[in-house]
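Structure file run_12.cif with mmCIF, C-alpha atoms:
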data_protein
loop_
_atom_site.label_atom_id
_atom_site.label_comp_id
_atom_site.auth_asym_id
_atom_site.auth_seq_id
_atom_site.Cartn_x
_atom_site.Cartn_y
_atom_site.Cartn_z
CA MET A 1126 107.72 31.89 91.35
CA LYS A 1127 105.20 31.17 88.61
CA LYS A 1128 102.36 31.96 91.00
CA LEU A 1129 103.95 35.29 91.95
CA LEU A 1130 104.59 36.32 88.35
CA ALA A 1131 101.07 35.34 87.34
CA ILE A 1132 99.63 37.47 90.10
CA LEU A 1133 101.73 40.44 89.07
CA LEU A 1134 101.01 40.10 85.38
CA SER A 1135 97.30 40.09 86.17
CA ALA A 1136 97.76 43.30 88.12
CA VAL A 1137 99.61 44.87 85.19
CA MET A 1138 96.80 43.99 82.82
CA ALA A 1139 94.23 45.46 85.19
CA MET A 1140 96.09 48.67 86.02
CA GLY A 1141 98.18 49.44 82.95
CA ILE A 1142 101.94 49.58 82.66
CA LEU A 1143 103.59 51.39 85.57
CA ALA A 1144 107.04 52.93 85.79
CA GLY A 1145 109.38 53.59 88.70
CA CYS A 1146 110.92 56.76 90.06
CA GLY A 1147 113.64 59.18 89.27
CA GLY A 1148 115.64 58.88 86.09
CA ASN A 1149 116.92 56.57 83.36
CA GLY A 1150 113.39 55.33 82.84
CA ASP A 1151 112.26 55.51 86.45
CA SER A 1152 109.61 58.15 86.65
CA SER A 1153 107.55 56.82 89.52
CA SER A 1154 104.70 57.03 87.04
CA THR A 1155 101.48 55.10 87.15
CA GLY A 1156 99.21 54.41 84.22
CA GLY A 1157 96.30 56.75 83.69
CA SER A 1158 94.49 59.03 81.27
CA THR A 1159 96.00 60.74 78.26
CA ALA A 1160 98.15 63.67 79.33
CA PRO A 1161 96.30 67.01 79.49
CA ASN A 1162 97.13 70.01 77.33
CA SER A 1163 96.14 73.62 77.96
CA ASN A 1164 96.16 74.46 74.27
CA ALA A 1165 94.82 71.32 72.69
CA GLY A 1166 93.20 73.27 69.84
CA SER A 1167 96.41 74.94 68.72
CA ASN A 1168 99.66 73.64 67.23
CA ASP A 1169 101.52 76.93 67.67
CA LEU A 1170 104.29 76.35 70.20
CA GLN A 1171 106.08 79.65 69.73
CA GLY A 1172 106.79 81.25 73.10
CA ALA A 1173 105.00 78.44 74.95
CA TYR A 1174 105.83 76.79 78.26
CA ILE A 1175 106.52 73.13 77.52
CA PHE A 1176 106.04 70.28 80.00
CA LEU A 1177 108.06 67.31 78.68
CA MET A 1178 108.00 64.34 81.01
CA LYS A 1179 109.11 60.78 80.28
CA GLN A 1180 105.83 59.46 78.95
CA ALA A 1181 102.31 60.69 78.28
CA GLY A 1182 99.28 59.14 79.91
CA GLN A 1183 100.82 58.64 83.35
CA VAL A 1184 98.82 59.62 86.44
CA PHE A 1185 102.08 60.56 88.17
CA TYR A 1186 102.82 63.28 85.61
CA ASP A 1187 99.17 64.27 85.22
CA ARG A 1188 99.15 65.17 88.93
CA MET A 1189 102.34 67.21 88.44
CA TRP A 1190 100.73 68.93 85.45
CA VAL A 1191 97.83 70.15 87.64
CA GLY A 1192 100.24 72.23 89.73
CA PHE A 1193 102.39 73.25 86.74
CA GLU A 1194 99.44 74.58 84.79
CA ALA A 1195 97.86 76.27 87.83
CA ALA A 1196 101.02 78.20 88.66
CA ILE A 1197 101.62 79.43 85.12
CA LYS A 1198 97.99 80.44 84.55
CA ALA A 1199 97.96 82.35 87.83
CA MET A 1200 101.21 84.20 87.12
CA ASP A 1201 100.91 84.59 83.33
CA PRO A 1202 97.22 84.39 82.33
CA ASP A 1203 97.92 84.77 78.61
CA ALA A 1204 100.56 82.04 78.50
CA LYS A 1205 100.46 79.10 76.13
CA ILE A 1206 101.14 75.86 77.98
CA PHE A 1207 101.60 72.45 76.39
CA ASP A 1208 102.18 68.98 77.73
CA LYS A 1209 104.40 67.44 75.05
CA SER A 1210 105.35 64.25 76.88
CA PRO A 1211 105.90 61.51 74.27
CA ALA A 1212 103.90 58.33 73.93
CA GLU A 1213 107.09 56.26 73.86
CA ASN A 1214 109.20 56.03 77.01
CA THR A 1215 112.68 56.51 75.48
CA VAL A 1216 115.47 59.05 75.13
CA THR A 1217 114.91 59.09 71.36
CA ALA A 1218 111.26 60.03 71.80
CA GLN A 1219 112.20 62.90 74.11
CA LEU A 1220 114.88 64.13 71.71
CA THR A 1221 112.41 64.08 68.81
CA THR A 1222 109.98 66.21 70.82
CA MET A 1223 112.74 68.57 71.92
CA ASP A 1224 113.72 69.06 68.27
CA GLU A 1225 110.11 69.85 67.33
CA CYS A 1226 109.88 72.37 70.17
CA LEU A 1227 113.19 73.95 69.21
CA THR A 1228 112.05 74.38 65.61
CA GLN A 1229 108.88 76.12 66.76
CA LYS A 1230 110.81 78.46 69.08
CA ILE A 1231 109.19 77.65 72.40
CA GLY A 1232 109.64 79.99 75.34
CA ALA A 1233 110.93 77.53 77.96
CA LEU A 1234 111.20 73.78 78.54
CA CYS A 1235 110.66 71.72 81.69
CA ILE A 1236 111.88 68.17 81.19
CA ALA A 1237 112.14 64.98 83.23
CA THR A 1238 115.06 63.29 81.51
CA PHE A 1239 114.66 59.61 80.73
CA ALA A 1240 118.40 59.06 81.25
CA ASP A 1241 121.45 60.99 82.39
CA THR A 1242 123.16 60.75 78.98
CA GLY A 1243 122.24 61.36 75.34
CA PHE A 1244 120.99 64.94 75.59
CA ASP A 1245 124.19 67.01 75.21
CA GLU A 1246 123.88 67.77 71.52
CA MET A 1247 120.23 68.81 71.78
CA ASN A 1248 120.87 70.76 74.98
CA ALA A 1249 123.63 72.68 73.19
CA LYS A 1250 121.19 73.62 70.43
CA TYR A 1251 118.77 74.98 73.01
CA LYS A 1252 121.53 76.99 74.63
CA GLU A 1253 122.54 78.45 71.28
CA ALA A 1254 118.90 79.35 70.56
CA GLY A 1255 118.53 81.03 73.97
CA ILE A 1256 115.72 78.71 75.09
CA PRO A 1257 116.01 77.98 78.84
CA ILE A 1258 115.89 74.38 80.01
CA PHE A 1259 114.56 73.45 83.45
CA SER A 1260 114.01 69.97 84.84
CA ALA A 1261 111.67 68.29 87.31
CA ASP A 1262 111.44 64.75 88.70
CA SER A 1263 114.70 63.74 86.95
CA ARG A 1264 117.58 66.14 86.45
CA ALA A 1265 118.76 67.63 83.17
CA ASP A 1266 122.52 68.13 82.82
CA ASP A 1267 123.84 70.86 85.12
CA GLU A 1268 125.80 72.45 82.27
CA TYR A 1269 122.60 73.31 80.42
CA ARG A 1270 119.72 73.59 82.86
CA ILE A 1271 118.74 76.81 84.63
CA THR A 1272 117.79 74.79 87.71
CA HIS A 1273 116.15 71.54 88.74
CA PHE A 1274 112.80 71.45 90.57
CA ASN A 1275 113.30 68.61 93.00
CA GLN A 1276 110.13 66.99 94.31
CA THR A 1277 111.63 66.94 97.79
CA ASP A 1278 115.06 66.86 99.38
CA SER A 1279 116.68 63.73 97.92
CA GLU A 1280 118.95 63.21 100.91
CA LEU A 1281 116.04 63.48 103.34
CA LEU A 1282 113.87 61.21 101.22
CA GLY A 1283 116.52 58.49 101.16
CA ARG A 1284 116.67 58.64 104.92
CA TYR A 1285 112.86 58.44 105.09
CA TYR A 1286 113.03 55.18 103.14
CA LEU A 1287 115.46 53.77 105.70
CA TRP A 1288 113.63 55.07 108.78
CA THR A 1289 110.18 53.91 107.65
CA SER A 1290 111.59 50.52 106.64
CA ILE A 1291 113.02 50.07 110.12
CA LEU A 1292 109.66 50.99 111.65
CA ALA A 1293 107.89 48.53 109.35
CA ALA A 1294 110.35 45.75 110.18
CA GLU A 1295 109.45 46.20 113.85
CA LYS A 1296 105.75 46.76 113.04
CA VAL A 1297 105.54 50.27 114.48
CA ASP A 1298 102.39 52.21 113.57
CA ILE A 1299 103.21 55.52 111.84
CA THR A 1300 101.00 58.44 112.83
CA ASP A 1301 100.73 61.93 111.33
CA ASP A 1302 102.52 63.64 114.21
CA MET A 1303 105.35 61.10 114.46
CA ASN A 1304 108.99 62.08 114.00
CA VAL A 1305 110.05 59.01 112.02
CA GLU A 1306 113.76 59.66 112.52
CA THR A 1307 113.42 59.78 116.30
CA GLU A 1308 111.18 56.71 116.41
CA ALA A 1309 113.37 54.68 114.07
CA LYS A 1310 116.51 55.42 116.07
CA LYS A 1311 114.66 54.56 119.28
CA VAL A 1312 113.75 51.20 117.74
CA VAL A 1313 117.37 50.61 116.73
CA GLU A 1314 118.72 51.55 120.15
CA ASN A 1315 116.38 49.06 121.80
CA HIS A 1316 117.00 46.32 119.25
CA SER A 1317 118.97 43.23 120.20
CA GLY A 1318 119.81 40.05 118.37
CA ASP A 1319 120.42 39.74 114.65
CA PRO A 1320 120.61 42.98 112.64
CA ILE A 1321 117.48 44.37 111.00
CA VAL A 1322 118.01 43.76 107.28
CA VAL A 1323 116.26 46.17 104.91
CA GLY A 1324 115.72 44.85 101.38
CA LEU A 1325 115.53 47.59 98.74
CA ILE A 1326 114.14 47.00 95.25
CA SER A 1327 115.71 49.83 93.28
CA ALA A 1328 115.29 50.81 89.63
CA THR A 1329 118.68 50.60 87.88
CA PRO A 1330 122.26 51.02 89.13
CA ASP A 1331 122.61 54.32 87.20
CA SER A 1332 119.29 56.03 87.96
CA PRO A 1333 120.15 59.70 88.78
CA VAL A 1334 117.48 60.25 91.42
CA GLN A 1335 117.76 56.83 93.03
CA LEU A 1336 121.54 57.18 93.22
CA ALA A 1337 120.88 60.23 95.41
CA TRP A 1338 118.55 58.20 97.61
CA HIS A 1339 121.07 55.39 97.97
CA ALA A 1340 123.84 57.86 98.80
CA ALA A 1341 121.65 59.29 101.57
CA ILE A 1342 120.91 55.83 102.97
CA ASP A 1343 124.60 54.95 102.91
CA GLU A 1344 125.48 58.17 104.71
CA GLU A 1345 122.76 57.66 107.33
CA LEU A 1346 123.98 54.14 108.05
CA LYS A 1347 127.38 55.57 109.00
CA ASP A 1348 125.75 56.83 112.21
CA ALA A 1349 127.07 54.72 115.08
CA VAL A 1350 123.53 53.99 116.26
CA TYR A 1351 123.07 51.57 113.35
CA SER A 1352 126.39 49.76 113.75
CA GLY A 1353 125.78 46.02 113.95
CA LYS A 1354 122.03 46.61 114.14
CA VAL A 1355 120.87 47.60 110.64
CA GLU A 1356 122.01 46.33 107.25
CA GLN A 1357 120.71 46.72 103.70
CA ASP A 1358 120.44 44.46 100.67
CA ILE A 1359 119.76 45.96 97.24
CA LYS A 1360 118.28 44.30 94.17
CA TYR A 1361 117.42 45.99 90.88
CA GLY A 1362 114.02 45.65 89.23
CA ASN A 1363 114.85 47.73 86.13
CA ASP A 1364 111.62 49.71 86.61
CA ASP A 1365 109.70 46.75 85.30
CA GLN A 1366 106.95 45.15 87.37
CA VAL A 1367 107.72 41.60 86.31
CA GLU A 1368 111.41 42.05 87.05
CA ALA A 1369 110.50 43.68 90.37
CA ALA A 1370 108.46 40.55 91.09
CA ASN A 1371 111.51 38.45 90.34
CA GLN A 1372 113.56 40.46 92.82
CA LEU A 1373 110.81 40.35 95.44
CA ASN A 1374 110.61 36.59 94.98
CA ALA A 1375 114.38 36.38 95.44
CA PHE A 1376 114.14 38.30 98.72
CA LEU A 1377 111.35 36.06 99.94
CA SER A 1378 113.13 32.88 98.88
CA GLU A 1379 116.39 33.89 100.53
CA GLY A 1380 114.63 34.71 103.80
CA LYS A 1381 117.36 37.15 104.80
CA VAL A 1382 115.49 40.46 104.95
CA ASP A 1383 113.02 41.71 107.56
CA VAL A 1384 111.24 44.22 105.30
CA VAL A 1385 111.18 45.09 101.61
CA PHE A 1386 110.92 48.66 100.32
CA CYS A 1387 110.15 49.07 96.59
CA MET A 1388 111.78 52.31 95.43
CA SER A 1389 109.92 52.35 92.10
CA GLY A 1390 106.51 53.95 91.99
CA PHE A 1391 104.40 50.80 91.98
CA GLY A 1392 104.94 49.79 95.57
CA GLU A 1393 101.28 48.92 95.99
CA THR A 1394 101.48 46.30 93.24
CA VAL A 1395 104.59 44.68 94.67
CA SER A 1396 102.94 44.71 98.12
CA GLN A 1397 99.87 42.96 96.69
CA ALA A 1398 102.06 40.36 95.02
CA ALA A 1399 103.86 39.74 98.30
CA ALA A 1400 100.58 39.34 100.19
CA ASP A 1401 99.23 36.93 97.59
CA ALA A 1402 102.45 34.93 97.82
CA GLY A 1403 102.00 34.62 101.58
CA ALA A 1404 104.94 36.83 102.55
CA LYS A 1405 105.62 36.90 106.28
CA ILE A 1406 107.41 40.26 106.22
CA PRO A 1407 106.06 43.79 105.57
CA VAL A 1408 106.42 45.05 101.99
CA VAL A 1409 106.10 48.80 101.50
CA GLY A 1410 107.37 51.37 99.06
CA LEU A 1411 106.92 54.34 96.81
CA ALA A 1412 103.34 54.75 95.56
CA LEU A 1413 100.67 57.24 94.67
CA CYS A 1414 98.10 57.51 97.43
CA SER A 1415 95.33 57.09 94.84
CA ASN A 1416 96.82 53.78 93.70
CA ALA A 1417 97.66 52.55 97.18
CA TYR A 1418 94.37 53.72 98.73
CA GLU A 1419 92.60 50.34 98.67
CA LYS A 1420 95.78 48.53 99.77
CA LEU A 1421 96.29 50.71 102.84
CA PRO A 1422 94.50 49.68 106.04
CA THR A 1423 91.38 51.38 107.29
CA GLU A 1424 91.49 53.10 110.67
CA ASP A 1425 89.76 50.19 112.38
CA GLN A 1426 92.34 47.68 111.10
CA ASP A 1427 95.60 46.67 112.71
CA THR A 1428 98.24 48.41 110.59
CA TYR A 1429 100.28 45.21 110.33
CA GLY A 1430 97.43 42.73 110.57
CA ASP A 1431 97.29 39.60 108.43
CA ASP A 1432 94.55 41.14 106.27
CA VAL A 1433 96.55 44.31 105.45
CA ILE A 1434 98.27 44.50 102.07
CA MET A 1435 100.41 47.61 102.58
CA PRO A 1436 100.83 49.27 106.00
CA PHE A 1437 101.87 52.63 104.49
CA ALA A 1438 103.29 54.23 101.33
CA VAL A 1439 105.81 57.02 100.79
CA LEU A 1440 105.94 59.75 98.16
CA TRP A 1441 105.69 63.54 97.93
CA ASP A 1442 103.14 66.14 96.80
CA LEU A 1443 103.21 65.77 93.01
CA GLY A 1444 101.10 68.87 92.43
CA MET A 1445 103.42 71.01 94.54
CA ASN A 1446 106.38 69.78 92.49
CA GLY A 1447 104.67 70.93 89.28
CA TYR A 1448 103.49 74.14 90.93
CA GLY A 1449 107.00 75.06 92.04
CA ALA A 1450 108.33 74.32 88.56
CA GLY A 1451 105.72 76.36 86.71
CA ALA A 1452 106.08 79.33 89.06
CA GLY A 1453 109.85 79.24 88.77
CA MET A 1454 109.79 79.26 84.99
CA VAL A 1455 107.48 82.28 84.90
CA ALA A 1456 109.64 84.10 87.45
CA TYR A 1457 112.75 83.36 85.36
CA LEU A 1458 111.23 84.63 82.11
CA ASN A 1459 110.01 87.72 83.96
CA GLY A 1460 113.53 88.40 85.22
CA ASP A 1461 112.58 87.85 88.87
CA PHE A 1462 114.65 84.70 89.37
CA ASP A 1463 118.00 83.61 87.95
CA GLY A 1464 118.28 79.97 88.99
CA LYS A 1465 121.46 80.55 90.98
CA ALA A 1466 122.01 79.39 94.55
CA GLY A 1467 120.45 81.84 96.99
CA SER A 1468 117.95 83.32 94.54
CA GLU A 1469 114.26 83.16 95.43
CA TYR A 1470 110.88 83.56 93.80
CA THR A 1471 107.34 83.76 95.17
CA SER A 1472 104.38 82.09 93.52
CA VAL A 1473 100.80 83.31 93.30
CA ALA A 1474 98.16 81.35 95.21
CA ALA A 1475 96.25 79.06 92.85
CA ASP A 1476 93.72 76.30 93.50
CA ARG A 1477 94.88 74.40 96.61
CA PHE A 1478 98.41 75.79 96.36
CA PRO A 1479 99.18 78.73 98.66
CA GLU A 1480 101.47 81.64 97.88
CA THR A 1481 104.89 80.16 98.46
CA THR A 1482 108.45 81.44 98.44
CA PHE A 1483 110.88 78.96 96.90
CA LYS A 1484 114.65 79.16 97.33
CA CYS A 1485 117.32 77.90 94.98
CA VAL A 1486 120.19 75.95 96.55
CA ASP A 1487 123.24 74.03 95.38
CA CYS A 1488 122.30 70.58 94.14
CA PRO A 1489 124.10 67.92 96.19
CA MET A 1490 124.30 65.52 93.25
CA ASP A 1491 126.03 67.68 90.62
CA GLU A 1492 127.42 71.17 89.97
CA GLY A 1493 124.05 72.77 89.28
CA THR A 1494 121.27 74.10 91.48
CA GLU A 1495 117.88 72.87 92.57
CA VAL A 1496 114.67 74.12 94.15
CA VAL A 1497 113.24 71.76 96.77
CA CYS A 1498 109.47 71.92 96.32
CA GLY A 1499 108.18 70.12 99.41
CA GLU A 1500 108.58 67.54 102.16
CA PRO A 1501 108.35 63.75 101.91
CA LEU A 1502 104.87 62.36 102.57
CA ILE A 1503 103.88 59.13 104.29
CA PHE A 1504 100.40 57.92 103.35
CA THR A 1505 98.76 56.01 106.19
CA LYS A 1506 95.34 54.89 107.31
CA TYR A 1507 95.07 58.20 109.15
CA ASN A 1508 95.58 60.58 106.19
CA LYS A 1509 94.82 58.59 103.05
CA ASP A 1510 91.44 60.28 102.54
CA THR A 1511 93.12 63.69 102.41
CA TRP A 1512 95.62 62.67 99.74
CA LYS A 1513 93.61 60.21 97.65
CA ASP A 1514 92.55 62.74 95.01
CA ARG A 1515 95.76 64.80 95.13
CA VAL A 1516 98.53 62.26 94.69
#

Please, can you express the file's structure as structure tokens?
Amino acid sequence: MKKLLAILLSAVMAMGILAGCGGNGDSSSTGGSTAPNSNAGSNDLQGAYIFLMKQAGQVFYDRMWVGFEAAIKAMDPDAKIFDKSPAENTVTAQLTTMDECLTQKIGALCIATFADTGFDEMNAKYKEAGIPIFSADSRADDEYRITHFNQTDSELLGRYYLWTSILAAEKVDITDDMNVETEAKKVVENHSGDPIVVGLISATPDSPVQLAWHAAIDEELKDAVYSGKVEQDIKYGNDDQVEAANQLNAFLSEGKVDVVFCMSGFGETVSQAAADAGAKIPVVGLALCSNAYEKLPTEDQDTYGDDVIMPFAVLWDLGMNGYGAGAGMVAYLNGDFDGKAGSEYTSVAADRFPETTFKCVDCPMDEGTEVVCGEPLIFTKYNKDTWKDRV
């Protein structure tokens, strides 16, 4: 235990504080440079597009900002765009920034809420002022937001976590052209003996995004193919690396699981800790490709060899999430998109992002709507060079 925590604390000192994924403090963020700002020389927020994530200086949100800024600049060249993500990772810090933006009469807000409660009073003020609220990465309340820009389909992503965990438990190499659902179910159908037990290190029991992932996993496990063959065990790391290490250590000590999947966005650090602790099971998870790059195997290595830290990582295209959000906000303010189910908008090609038509659909997790901005991504030894500088 002490050895494992010491290893992890050393990693934290070397890499900076990392956060997890989704909501209530779980942003899947990873430490990085100070957040960018398109209008760093100006303090005038009137009419501006505001990007308000959970915390400034996180690579995760910086990569989203690249797409957000590119879309808005391409569709509204004269726009003012500000990243106003706070230095402190709390609801209070977000509310303080929202109040500042409200006072200066911004044009529109895109927020990743730190929690699913505490925003009603401020949201009501925005509604009264006629300032539209959008959300990305973590949902704003459906009563007040125009729509949510979901990084990828939450239900599909939850299933990806289950399918890839099953493949890892059985040490199946994942290739770019693989249908992971088909392969995972084939593994399950051919499995005999004790059930495959998937250990999940989640963020918190009330994380909005991770609740959606868990619901999808639960629903998938209702399929008869898994009956008596696949089980799950969930522990909560509170989006804290040391606590995640505690939960990993518990999994390893109990010896009940066949694979561990870290659902917070520092999967590469947990995988390293597991390797250093001599874990005999695969440990994978949610991670930026840039952070996981050195932990992933090279093409000439055995994907599950003894010298491999992390056989693969899972995430989504962060830039595309920001790009879809920025384009949607411009389309809304231009009157070309209303944020209701069935409505669509088309972006303008910018940088690496092609012209794309996005469609608004009912959100499965609340009474609002969402725009799904892309597909889940699996970073492997075969594609890590493509995604290293993007995600």

Q) Hey, what comes out of the PyMOL selection byres ((chain A and resi 1312-1325) around 6) on this file? Could you write it as a list in words? A)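 With the PyMOL selection byres ((chain A and resi 1312-1325) around 6) on this model, the match is Ala1309, Lys1310, Lys1311, Ile1326, Ser1327, Lys1354, Val1355, Glu1356, Gln1357, Asp1358, Ile1359, Val1382, Asp1383, Val1384, Val1385, Phe1386 and Cys1387 of chain A.
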
(Q) Since I can't run it myself right now, could you work out what the PyMOL selection byres ((chain A and resi 1217) around 12) selects here and report it as a count of residues only? (A) 22

Closest pair table for stretch 1444-1510 of chain A residues within 12 Å of stretch 1333-1340 of chain A, only C-alpha atoms, as JSON lines:
{"residue": "A:Cys1488", "atom": "CA", "partner": "A:Ala1337", "partner_atom": "CA", "distance": 10.5}
{"residue": "A:Pro1489", "atom": "CA", "partner": "A:Ala1337", "partner_atom": "CA", "distance": 8.4}
{"residue": "A:Met1490", "atom": "CA", "partner": "A:Ala1337", "partner_atom": "CA", "distance": 6.7}
{"residue": "A:Asp1491", "atom": "CA", "partner": "A:Pro1333", "partner_atom": "CA", "distance": 10.1}

Q) Any chance you could work out the residue set of the PyMOL selection byres ((chain A and resi 1487) around 10) here, as an MDAnalysis selection string? A) chainID A and resid 1272 1465:1467 1485:1486 1488:1496

**Q.** Pick from A:Ala1293, A:Met1388, A:Val1439, A:Cys1226 nearest to A:Gln1171, counting all atoms listed in the file
**A.**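 The answer is A:Cys1226, which sits nearest to A:Gln1171.
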
Q | Long-range neighbours of A:Asp1278 as an MDAnalysis selection string, 8 Å cut-off, only C-alpha atoms, 6 positions minimum in chain | A | chainID A and resid 1497 1499:1501

Q: Rounded to one decimal place, report the atom CA of A:Leu1377-atom CA of A:Glu1424 distance in Å.
A: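 Separating atom CA of A:Leu1377 from atom CA of A:Glu1424 is a distance of 28.3 Å.
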
**Q.** Distance of atom CA of A:Ser1389 from atom CA of A:Asn1248, expressed in Å to one decimal place
**A.** 27.4 Å

Q: Rounded to one decimal place, report the atom CA of A:Phe1437-atom CA of A:Ala1328 distance in Å.
A: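 We find that atom CA of A:Phe1437 and atom CA of A:Ala1328 lie 20.1 Å from each other.
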
Q. Got a sec: who's within 7 Å of stretch 1468-1478 of chain A, counting only C-alpha atoms, leaving out chain neighbours fewer than 2 positions off, as a VMD selection string?
A. chain A and resid 1195 to 1196 1199 to 1200 1452 to 1453 1456 1461 to 1466 1480 to 1485

Q.
List the spatial neighbours of A:Ala1233 as a ChimeraX atom specification - criterion: any atom at most 9 Å away, only C-alpha atoms, same-chain residues fewer than 3 positions off excluded.
A. /A:1172-1176,1230,1256-1259,1454,1458

Q: Between A:Ala1370, A:Ile1236, A:Met1435, A:Leu1411, single out the one closest to A:Tyr1285, counting all atoms listed in the file.
A: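 Among the listed residues, the smallest separation from A:Tyr1285 belongs to A:Leu1411.
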
Q: Considering only C-alpha atoms, return as a list in words whatever protein or nucleic-acid residues lie within 12 Å of A:Asp1425, sequence-local ones (same chain, fewer than 6 positions apart) excluded.
A: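 Skipping anything fewer than 6 positions along the chain leaves Asp1432, Val1433, Lys1506 and Tyr1507 of chain A.
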
Hey, can I get the axis-aligned box for stretch 1371-1378 of chain A? All listed atoms, 5 Å padding on each side, centre and edge lengths in Å to one decimal, as lines of an AutoDock Vina configuration file.
center_x = 112.5
center_y = 36.7
center_z = 95.1
size_x = 13.8
size_y = 17.6
size_z = 19.6

Compile the contact shell of stretch 1418-1422 of chain A as a compact mmCIF listing (two decimals) with C-alpha atoms, in the coordinates of the input: residues with an atom at most 10 Å away, counting only C-alpha atoms, same-chain residues fewer than 6 positions apart removed.
# COMPACT_ATOMS: atom_id res chain seq x y z
CA GLU A 1393 101.28 48.92 95.99
CA THR A 1394 101.48 46.30 93.24
CA SER A 1396 102.94 44.71 98.12
CA GLN A 1397 99.87 42.96 96.69
CA ALA A 1412 103.34 54.75 95.56
CA THR A 1428 98.24 48.41 110.59
CA TYR A 1429 100.28 45.21 110.33
CA GLY A 1430 97.43 42.73 110.57
CA ASP A 1432 94.55 41.14 106.27
CA VAL A 1433 96.55 44.31 105.45
CA ILE A 1434 98.27 44.50 102.07
CA MET A 1435 100.41 47.61 102.58
CA PRO A 1436 100.83 49.27 106.00
CA PHE A 1437 101.87 52.63 104.49
CA ALA A 1438 103.29 54.23 101.33
CA PHE A 1504 100.40 57.92 103.35
CA THR A 1505 98.76 56.01 106.19
CA LYS A 1506 95.34 54.89 107.31
CA TYR A 1507 95.07 58.20 109.15
CA LYS A 1509 94.82 58.59 103.05
CA ASP A 1510 91.44 60.28 102.54
CA TRP A 1512 95.62 62.67 99.74
CA LYS A 1513 93.61 60.21 97.65
CA ASP A 1514 92.55 62.74 95.01

**Q.** Top pick for closest residue to A:Asp1427, considering A:Ala1404, A:Pro1330, A:Glu1379, A:Lys1296 and counting only C-alpha atoms
**A.**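 Once distances to A:Asp1427 are computed over only C-alpha atoms, the minimum belongs to A:Lys1296.
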
**Q.** Selected residue, from A:Ile1406, A:Leu1440, A:Cys1235, A:Val1184, that lies nearest to A:Gln1276 when counting all atoms listed in the file
**A.**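 Distance minimum relative to A:Gln1276 lands on A:Leu1440.
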
Q | Best match for closeness to A:Gln1372 among A:Val1297, A:Met1445, A:Val1350, A:Val1395, counting all atoms listed in the file | A |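 Residue with the minimum atom-to-atom distance to A:Gln1372: A:Val1395.
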
Q.
Counting only C-alpha atoms, which residues sit no farther than 12 Å from the position (100.2, 66.7, 85.9) in the file's frame? I'd like them as number ranges by chain.
A. A: 1154-1155, 1157-1163, 1176-1178, 1180-1196, 1207-1210, 1261-1262, 1442-1448, 1450-1451, 1515-1516

**Q.** Of the listed residues A:Glu1368, A:Asp1298, A:Glu1345, A:Asp1245, that which approaches A:Ile1503 most closely, counting all atoms listed in the file
**A.**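 The answer is A:Asp1298, which sits nearest to A:Ile1503.
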